[in-house]
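J.: Pasting a structure here, questions to come.
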Amino acid sequence: MVALVTPMHEDGALDEAALERLVEFHIENGTDAIVAVGTTGESATLDHEEHAHVMRRAVEIAAGRITVMGGCGANSTWEAEQLTRCALEAGCEAALLVTPYYNKPTQEGLYQHFQHVAEAVAMPQILYNVPGRTGVDLLPETVDRLADTANIVGIKEASGSLERAEEIIERCGDRIDVYCGEDARNLALINAGAKGCVSVTANVAPNLMHRMCRAALDGDQTEAEALDARLAALHNALFVETNPIPVKWALAEMGLIGPGMRLPMTPLSEQHHETVRQALKLAEVL
């Protein structure tokens with residue numbers, strides 16, 4: 001699954017033509033699902049109307065040819081519920097909900113937050129744990145409790161710990177699907193039992209990422225390792241500055257989008273241009 005960027009013009013306005021171009025690019029290159037307006041899609045800088053619009057347009061462009069999931073997380077349970085309703089109304093097949101950021105709820109608060117949204121909106125929902133961004137960590141025992149909640153079908157685990165992901169798979173991998181949320185660990189986590197990944201790197205190398213995941217899931221370790229080696233430089237280069245700064249620069253370099261993004265995100269520092277460019281060339285996507 002690709003954590004799709006939200007293309008913008010230099011003034012920050014949404015770039016509708018580029019959005020259509022990106023969705024078609026992923027359909028042509030074997031991406032299995034699109035996550036619209038997640039973290040990589042600069043969800044924090046879009047208002048509710050724009051957020052709903054991008055989800056709806058992604059679904060319209062996809063026209064049933066690829067799964068579209070809406071990024072619906074918020075640090076207000078009410079807001080997360082409303083965004084999830086928007087995703088359902090837009091035609092998304094699932095919702096991705098990040099842990100409530102900044103206000104740092106307890107584990108009980110996290111449990112009640114996700115349980116409330118799952119019970120309020122009847123659509124498949126995937127939890128998203130990324131403590132490095134949110135300041136709160138969804139612990140395995142809480143995931144275990146949530147795994148029996150109707151509509152909660154998976155978790156995107158991006159804590160940075162392979163051991164953490166393995167514990168979640170051991171505890172509840174028979175009840176919910178686990179997906180890797182850190183590109184450098186995709187292969188290792190699939191080998192440990194994850195069902196795939198939600199990838200930033202797939203924005204620029206969707207075919208390679210799809211083939212790597214498919215090989216790993218099929219047990220073809222030699223092929224999976226060879227493909228992952230081609231992606232390794234990209235995994236690093238696309239995080240030389242805060243995501244999605246490098247990946248938007250890379251997509252602009254590939255001619256797929258313009259350079260626009262919204263403050264407080266700023267364009268990639270010139271000192272990193274060659275690093276990202278060389279990683280694109282190593283992966284043979286530029």
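Please note that chains go A, B, ... in the order of the structure tokens, that every chain numbers its residues from 1, and that ligands are numbered from 1 in the order shown.
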I'd like the neighbourhood of Val198 in chain A as a list in words, where a residue qualifies if any of its atoms comes within 9 Å (using only C-alpha atoms), though same-chain residues fewer than 5 positions away should be ignored.

T.: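 Listed by chain and then number, they are Met1, Val2, Ala3, Ala33, Ile34, Val35, Lys156, Tyr179, Cys180, Gly181, Glu182, Asp183 and Asn186 of chain A.
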
J.: Write a file of the selected residues as a tab-separated table (two decimals), in the first residue's frame, keeping C-alpha atoms.

T.:
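That gives us again.tsv:
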```tsv
chain	number	residue	atom	x	y	z
A	1	MET	CA	0.00	0.00	0.00
A	2	VAL	CA	1.29	3.45	-0.83
A	3	ALA	CA	1.04	6.35	1.61
A	33	ALA	CA	-3.91	-0.02	-2.36
A	34	ILE	CA	-3.72	3.75	-1.98
A	35	VAL	CA	-3.83	5.51	1.38
A	156	LYS	CA	0.15	-0.25	10.75
A	179	TYR	CA	1.41	-4.08	8.30
A	180	CYS	CA	4.86	-2.56	8.44
A	181	GLY	CA	4.99	1.24	8.61
A	182	GLU	CA	8.74	1.67	8.20
A	183	ASP	CA	10.16	0.98	4.77
A	186	ASN	CA	9.34	-4.07	5.40
```

J.: Mind listing the helix (DSSP H, G or I) residues of range 71-276 of chain A, per DSSP on the backbone, as a ChimeraX atom specification?

T.: /A:77-90,107-120,131-134,140-146,162-172,183-191,201-203,206-217,221-237,245-253,270-276

J.: What residues in range 27-248 of chain A get the DSSP label strand (DSSP E or B)? Please answer as a VMD selection string.

T.: chain A and resid 33 to 36 67 to 71 94 to 98 125 to 129 152 to 157 177 to 180 196 to 197 199

J.: Please produce a file of the residues just selected, as an mmCIF file, in the first residue's frame, where the atoms kept are C-alpha atoms.

T.:
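Below you can see result.cif, which holds the result:
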```
data_model
loop_
_atom_site.group_PDB
_atom_site.id
_atom_site.type_symbol
_atom_site.label_atom_id
_atom_site.label_comp_id
_atom_site.auth_asym_id
_atom_site.auth_seq_id
_atom_site.Cartn_x
_atom_site.Cartn_y
_atom_site.Cartn_z
ATOM 1 C CA ALA A 33 -3.912 -0.024 -2.359
ATOM 2 C CA ILE A 34 -3.716 3.747 -1.982
ATOM 3 C CA VAL A 35 -3.831 5.514 1.384
ATOM 4 C CA ALA A 36 -5.146 8.996 0.667
ATOM 5 C CA THR A 67 -8.402 -0.184 -3.236
ATOM 6 C CA VAL A 68 -8.501 3.283 -1.672
ATOM 7 C CA MET A 69 -8.131 3.772 2.067
ATOM 8 C CA GLY A 70 -8.740 7.131 3.755
ATOM 9 C CA GLY A 71 -6.421 8.612 6.360
ATOM 10 C CA ALA A 94 -11.138 1.205 4.693
ATOM 11 C CA ALA A 95 -9.870 3.874 7.076
ATOM 12 C CA LEU A 96 -6.421 4.322 8.606
ATOM 13 C CA LEU A 97 -6.488 5.905 12.076
ATOM 14 C CA VAL A 98 -3.347 7.187 13.720
ATOM 15 C CA GLN A 125 -10.422 0.269 10.149
ATOM 16 C CA ILE A 126 -6.664 -0.068 10.544
ATOM 17 C CA LEU A 127 -4.907 1.305 13.614
ATOM 18 C CA TYR A 128 -1.691 3.252 13.119
ATOM 19 C CA ASN A 129 1.026 3.425 15.768
ATOM 20 C CA ILE A 152 -10.866 -3.153 13.488
ATOM 21 C CA VAL A 153 -9.064 -5.329 10.963
ATOM 22 C CA GLY A 154 -5.393 -4.376 11.186
ATOM 23 C CA ILE A 155 -2.579 -2.207 12.473
ATOM 24 C CA LYS A 156 0.154 -0.248 10.748
ATOM 25 C CA GLU A 157 3.047 -0.639 13.176
ATOM 26 C CA ASP A 177 -3.507 -8.094 10.017
ATOM 27 C CA VAL A 178 -0.214 -6.402 10.848
ATOM 28 C CA TYR A 179 1.406 -4.077 8.300
ATOM 29 C CA CYS A 180 4.859 -2.557 8.444
ATOM 30 C CA GLY A 196 2.469 -6.213 3.800
ATOM 31 C CA CYS A 197 3.350 -2.572 4.292
ATOM 32 C CA SER A 199 5.010 2.554 2.204
#
```

J.: Taking only C-alpha atoms into account, which of A:Val204, A:Leu22, A:Ala283, A:Ala165 comes nearest Ala229 in chain A?

T.: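 When distances to Ala229 in chain A are compared using only C-alpha atoms, the smallest one comes from A:Ala283.
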
J.: Name the residues in contact with range 276-279 of chain A at a cut-off of 12 Å, using only C-alpha atoms, excluding same-chain residues fewer than 6 positions from it; report them as a short mmCIF file (atom, residue, chain, number, x, y, z; two decimals) with N, CA and C atoms, in the first residue's frame.

T.:
```cif
data_model
loop_
_atom_site.label_atom_id
_atom_site.label_comp_id
_atom_site.auth_asym_id
_atom_site.auth_seq_id
_atom_site.Cartn_x
_atom_site.Cartn_y
_atom_site.Cartn_z
N THR A 201 8.20 4.82 0.28
CA THR A 201 9.05 4.52 -0.87
C THR A 201 8.22 4.13 -2.09
N VAL A 204 7.53 6.41 -5.22
CA VAL A 204 8.44 6.58 -6.34
C VAL A 204 8.84 5.26 -6.99
N ALA A 205 8.71 4.15 -6.27
CA ALA A 205 9.10 2.84 -6.81
C ALA A 205 8.00 1.82 -6.54
N ALA A 229 17.21 -4.94 -1.74
CA ALA A 229 18.53 -4.32 -1.85
C ALA A 229 18.50 -3.14 -2.82
N ARG A 230 17.72 -3.26 -3.89
CA ARG A 230 17.59 -2.15 -4.85
C ARG A 230 16.84 -0.97 -4.24
N LEU A 231 16.00 -1.25 -3.24
CA LEU A 231 15.20 -0.21 -2.61
C LEU A 231 15.89 0.44 -1.41
N ALA A 232 16.95 -0.19 -0.93
CA ALA A 232 17.54 0.22 0.35
C ALA A 232 17.98 1.68 0.38
N ALA A 233 18.62 2.14 -0.68
CA ALA A 233 19.09 3.53 -0.69
C ALA A 233 17.91 4.50 -0.66
N LEU A 234 16.82 4.15 -1.32
CA LEU A 234 15.62 4.99 -1.30
C LEU A 234 15.02 5.05 0.10
N HIS A 235 14.99 3.90 0.79
CA HIS A 235 14.44 3.88 2.15
C HIS A 235 15.13 4.91 3.03
N ASN A 236 16.44 5.05 2.84
CA ASN A 236 17.20 6.01 3.65
C ASN A 236 17.06 7.44 3.12
N ALA A 237 17.18 7.59 1.81
CA ALA A 237 17.19 8.93 1.21
C ALA A 237 15.87 9.66 1.40
N LEU A 238 14.77 8.93 1.41
CA LEU A 238 13.47 9.57 1.51
C LEU A 238 13.14 10.02 2.93
N PHE A 239 14.11 9.85 3.84
CA PHE A 239 13.92 10.33 5.20
C PHE A 239 15.09 11.19 5.66
N VAL A 240 15.85 11.76 4.70
CA VAL A 240 16.96 12.64 5.09
C VAL A 240 16.42 13.92 5.73
N GLU A 241 15.20 14.30 5.40
CA GLU A 241 14.46 15.34 6.11
C GLU A 241 13.07 14.78 6.38
N ILE A 245 8.83 15.68 2.82
CA ILE A 245 9.67 16.64 2.09
C ILE A 245 10.51 15.93 1.01
N PRO A 246 11.29 14.89 1.36
CA PRO A 246 12.12 14.26 0.31
C PRO A 246 11.31 13.56 -0.78
N VAL A 247 10.23 12.88 -0.40
CA VAL A 247 9.49 12.13 -1.41
C VAL A 247 8.76 13.06 -2.38
N LYS A 248 8.33 14.22 -1.91
CA LYS A 248 7.70 15.16 -2.84
C LYS A 248 8.76 15.73 -3.79
N TRP A 249 9.94 15.97 -3.30
CA TRP A 249 11.02 16.44 -4.18
C TRP A 249 11.33 15.36 -5.21
N ALA A 250 11.39 14.10 -4.77
CA ALA A 250 11.70 12.99 -5.68
C ALA A 250 10.63 12.86 -6.77
N LEU A 251 9.38 12.97 -6.40
CA LEU A 251 8.30 12.87 -7.39
C LEU A 251 8.34 14.03 -8.37
N ALA A 252 8.71 15.21 -7.88
CA ALA A 252 8.87 16.35 -8.78
C ALA A 252 10.03 16.12 -9.74
N GLU A 253 11.11 15.53 -9.24
CA GLU A 253 12.27 15.21 -10.07
C GLU A 253 11.89 14.20 -11.15
N MET A 254 10.95 13.32 -10.83
CA MET A 254 10.48 12.32 -11.79
C MET A 254 9.44 12.89 -12.76
N LEU A 268 12.90 20.52 0.06
CA LEU A 268 14.11 19.79 0.42
C LEU A 268 15.34 20.68 0.30
N SER A 269 16.17 20.66 1.33
CA SER A 269 17.40 21.44 1.31
C SER A 269 18.30 21.00 0.15
N GLU A 270 18.93 21.95 -0.48
CA GLU A 270 19.73 21.66 -1.66
C GLU A 270 20.83 20.65 -1.37
N VAL A 285 14.49 4.18 -11.17
CA VAL A 285 13.20 4.84 -11.41
C VAL A 285 13.40 6.26 -11.94
N LEU A 286 14.63 6.65 -12.14
CA LEU A 286 14.95 7.97 -12.71
C LEU A 286 15.97 7.79 -13.81
#
```

J.: When you count only C-alpha atoms, which of these residues is closest to Gln115 in chain A: A:Thr134, A:Thr149, A:Thr84, A:Thr142?

T.: A:Thr149

J.: Env of Asp15 in chain A: 9 Å cut, atoms = only C-alpha atoms, seq-sep filter 5 positions within chain, self excluded. Answer as a compact mmCIF listing (two decimals) with C-alpha atoms, in the first residue's frame.

T.:
```
# COMPACT_ATOMS: atom_id res chain seq x y z
CA THR A 6 -1.10 15.08 -1.82
CA PRO A 7 0.15 17.02 -4.86
CA MET A 8 -0.01 20.79 -4.61
CA HIS A 9 0.79 23.82 -6.70
CA GLU A 20 -5.10 11.89 -11.21
CA ILE A 257 4.08 16.37 -9.52
CA GLY A 258 5.11 19.97 -8.97
CA GLY A 260 4.37 22.50 -3.89
```

J.: Contacts between range 41-44 of chain A and range 241-270 of chain A, please, where a residue of range 241-270 of chain A counts if it comes within 9 Å (with only C-alpha atoms); show its shortest atom pair and distance in Å to one decimal, rows by chain and ascending number, as CSV.

T.:
```
residue,atom,partner,partner_atom,distance
A:Pro244,CA,A:Glu42,CA,7.6
A:Met261,CA,A:Glu42,CA,8.3
A:Arg262,CA,A:Glu42,CA,8.1
A:Met265,CA,A:Glu42,CA,8.9
```

J.: Write out as a PyMOL selection string the residues lying within 12 Å of Asn191 in chain A, counting only C-alpha atoms and excluding same-chain residues fewer than 4 positions away.

T.: chain A and resi 162+165-166+169+178-180+185-187+195-197+212-221+224-225
